[in-house]
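Have a look at the structure below before the remarks.
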Amino acid sequence: MRTTSDRIRQAISFELIGLVIVTPLFAWLFRHPLEEMGGLAVMGATAATAWNYIFNLGFDHVLQRRHGITHKSLPTRVIHAVLFEATLLVILLPLFAWWLGITVIAALLMDLSFALFYMVYAFVFTWCYDTIFPPHVAEL
């Protein structure tokens with residue numbers, strides 16, 4: 001099981017790296033000013049950081065109870081990424097519509113694009129993070 005400080009490092013580094021990538025990319029893609037998209041990205045990242053901590057803690061507890069370890073296989077990593085992004089999509093949808101002054105349908109399409117990006121990013125980031133900062137050796 002990861003320590004609280006390790007989970008905090010993981011969540012913060014995930015969001016900071018994601019912001020650097022997604023803000024200019026999505027400002028260009030959706031033709032919104034960088035500042036407007038940046039504000040949305042920061043608010044989304046703040047919500048996502050809190051949710052990341054809660055979700056990962058819960059997910060690891062489920063793995064620990066069901067399998068006795070928190071090591072993630074490839075299929076488990078895919079399930080982890082999909083579940084995280086699906087739940088975050090529901091949380092962020094109203095924020096997207098309100099902040100950008102767009103319809104809920106337009107916000108849903110944009111939110112789905114963010115979710116797709118972050119689903120792939122979460123998979124790659126988490127795998128890299130687990131490689132660089134492996135969980136306790138006793139769990140493997």
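Residue numbering restarts at 1 for every chain of the structure tokens, chains are lettered A, B, ... in their displayed order, and ligands are numbered from 1 as they appear.
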Please provide the set of residues having any atom within 12 Å of Val62 of chain A, restricted to only C-alpha atoms, with same-chain residues fewer than 5 positions apart removed, written as a count of residues only.
12
Neighbour list for Glu85 of chain A as a count of residues only, cut-off 8 Å, only C-alpha atoms, skip fewer than 5 positions in-chain:
4
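Across A:Trp98, A:Ala81, A:Pro135, A:Gly38, the tightest approach to Asp6 of chain A is made by A:Pro135 when counting only C-alpha atoms.
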Backbone DSSP call of alpha helix (DSSP H) for chain A, listed as a PyMOL selection string
chain A and resi 4-30+34-67+74-100+104-132
Take the residues just selected and output them with C-alpha atoms as a compact mmCIF listing (two decimals), in the first residue's frame.
```txt
# COMPACT_ATOMS: atom_id res chain seq x y z
CA THR A 4 -0.20 9.25 2.16
CA SER A 5 2.78 11.39 1.11
CA ASP A 6 3.39 9.14 -1.90
CA ARG A 7 -0.29 9.40 -2.92
CA ILE A 8 -0.11 13.19 -2.63
CA ARG A 9 3.09 13.30 -4.74
CA GLN A 10 1.42 11.07 -7.34
CA ALA A 11 -1.76 13.16 -7.54
CA ILE A 12 0.03 16.52 -7.72
CA SER A 13 2.59 15.42 -10.31
CA PHE A 14 -0.17 13.82 -12.40
CA GLU A 15 -2.19 17.04 -12.48
CA LEU A 16 0.74 19.42 -13.06
CA ILE A 17 2.11 17.43 -15.99
CA GLY A 18 -1.41 17.05 -17.37
CA LEU A 19 -2.04 20.82 -17.17
CA VAL A 20 1.12 21.60 -19.09
CA ILE A 21 0.01 19.28 -21.88
CA VAL A 22 -3.75 19.79 -22.01
CA THR A 23 -4.18 23.56 -21.60
CA PRO A 24 -2.55 24.75 -24.84
CA LEU A 25 -3.70 21.67 -26.76
CA PHE A 26 -7.37 22.07 -25.88
CA ALA A 27 -7.35 25.88 -26.17
CA TRP A 28 -6.22 25.40 -29.76
CA LEU A 29 -8.48 22.43 -30.46
CA PHE A 30 -11.68 24.01 -29.10
CA LEU A 34 -5.73 30.11 -23.48
CA GLU A 35 -6.68 32.00 -20.28
CA GLU A 36 -10.27 30.71 -20.39
CA MET A 37 -9.19 27.12 -21.04
CA GLY A 38 -6.41 27.49 -18.48
CA GLY A 39 -8.90 28.58 -15.82
CA LEU A 40 -11.12 25.62 -16.63
CA ALA A 41 -8.14 23.28 -16.61
CA VAL A 42 -6.96 24.54 -13.21
CA MET A 43 -10.44 24.17 -11.69
CA GLY A 44 -10.79 20.73 -13.26
CA ALA A 45 -7.32 19.74 -12.07
CA THR A 46 -8.14 20.86 -8.52
CA ALA A 47 -11.30 18.75 -8.49
CA ALA A 48 -9.48 15.89 -10.20
CA THR A 49 -6.61 16.00 -7.69
CA ALA A 50 -8.98 15.57 -4.78
CA TRP A 51 -10.90 12.85 -6.63
CA ASN A 52 -7.62 11.17 -7.69
CA TYR A 53 -6.58 10.74 -4.07
CA ILE A 54 -9.99 9.43 -2.96
CA PHE A 55 -10.46 7.15 -5.96
CA ASN A 56 -6.96 5.64 -5.87
CA LEU A 57 -7.15 5.04 -2.14
CA GLY A 58 -10.50 3.28 -2.54
CA PHE A 59 -9.33 1.31 -5.57
CA ASP A 60 -6.22 0.09 -3.74
CA HIS A 61 -8.28 -0.90 -0.71
CA VAL A 62 -10.57 -2.96 -2.95
CA LEU A 63 -7.54 -4.64 -4.56
CA GLN A 64 -6.01 -5.31 -1.14
CA ARG A 65 -9.23 -6.89 0.17
CA ARG A 66 -9.93 -8.98 -2.94
CA HIS A 67 -6.39 -10.07 -3.88
CA LEU A 74 -2.70 -4.72 -17.46
CA PRO A 75 -6.47 -5.42 -17.39
CA THR A 76 -6.71 -3.92 -13.90
CA ARG A 77 -4.91 -0.78 -15.11
CA VAL A 78 -7.41 -0.43 -17.96
CA ILE A 79 -10.37 -0.81 -15.58
CA HIS A 80 -8.76 1.67 -13.18
CA ALA A 81 -8.30 4.32 -15.89
CA VAL A 82 -11.81 3.89 -17.37
CA LEU A 83 -13.56 4.01 -13.99
CA PHE A 84 -11.61 7.04 -12.84
CA GLU A 85 -12.33 9.02 -16.01
CA ALA A 86 -16.02 8.03 -16.12
CA THR A 87 -16.61 9.22 -12.57
CA LEU A 88 -14.61 12.39 -13.11
CA LEU A 89 -16.61 13.14 -16.28
CA VAL A 90 -19.83 13.20 -14.24
CA ILE A 91 -18.24 15.47 -11.64
CA LEU A 92 -16.85 18.01 -14.17
CA LEU A 93 -19.70 18.26 -16.71
CA PRO A 94 -21.59 21.09 -14.97
CA LEU A 95 -18.34 23.05 -14.49
CA PHE A 96 -17.50 22.87 -18.21
CA ALA A 97 -20.94 24.14 -19.27
CA TRP A 98 -21.00 26.96 -16.72
CA TRP A 99 -17.40 28.20 -17.11
CA LEU A 100 -17.42 28.29 -20.92
CA VAL A 104 -24.61 20.79 -21.76
CA ILE A 105 -24.29 18.83 -25.02
CA ALA A 106 -21.30 20.92 -26.13
CA ALA A 107 -19.82 20.56 -22.65
CA LEU A 108 -20.38 16.80 -22.80
CA LEU A 109 -18.48 16.54 -26.09
CA MET A 110 -15.64 18.63 -24.71
CA ASP A 111 -15.64 16.71 -21.43
CA LEU A 112 -15.53 13.42 -23.35
CA SER A 113 -12.50 14.70 -25.26
CA PHE A 114 -10.79 15.61 -21.99
CA ALA A 115 -11.75 12.23 -20.55
CA LEU A 116 -10.32 10.37 -23.55
CA PHE A 117 -7.08 12.34 -23.33
CA TYR A 118 -6.81 11.83 -19.58
CA MET A 119 -7.75 8.15 -19.77
CA VAL A 120 -4.76 7.48 -22.00
CA TYR A 121 -2.60 9.88 -20.00
CA ALA A 122 -3.66 8.26 -16.68
CA PHE A 123 -2.78 4.81 -17.97
CA VAL A 124 0.67 5.91 -19.17
CA PHE A 125 1.40 8.16 -16.17
CA THR A 126 0.37 5.57 -13.57
CA TRP A 127 2.40 2.85 -15.20
CA CYS A 128 5.45 5.13 -15.35
CA TYR A 129 4.89 6.28 -11.76
CA ASP A 130 4.63 2.70 -10.52
CA THR A 131 7.87 1.90 -12.35
CA ILE A 132 9.76 4.91 -10.96
```
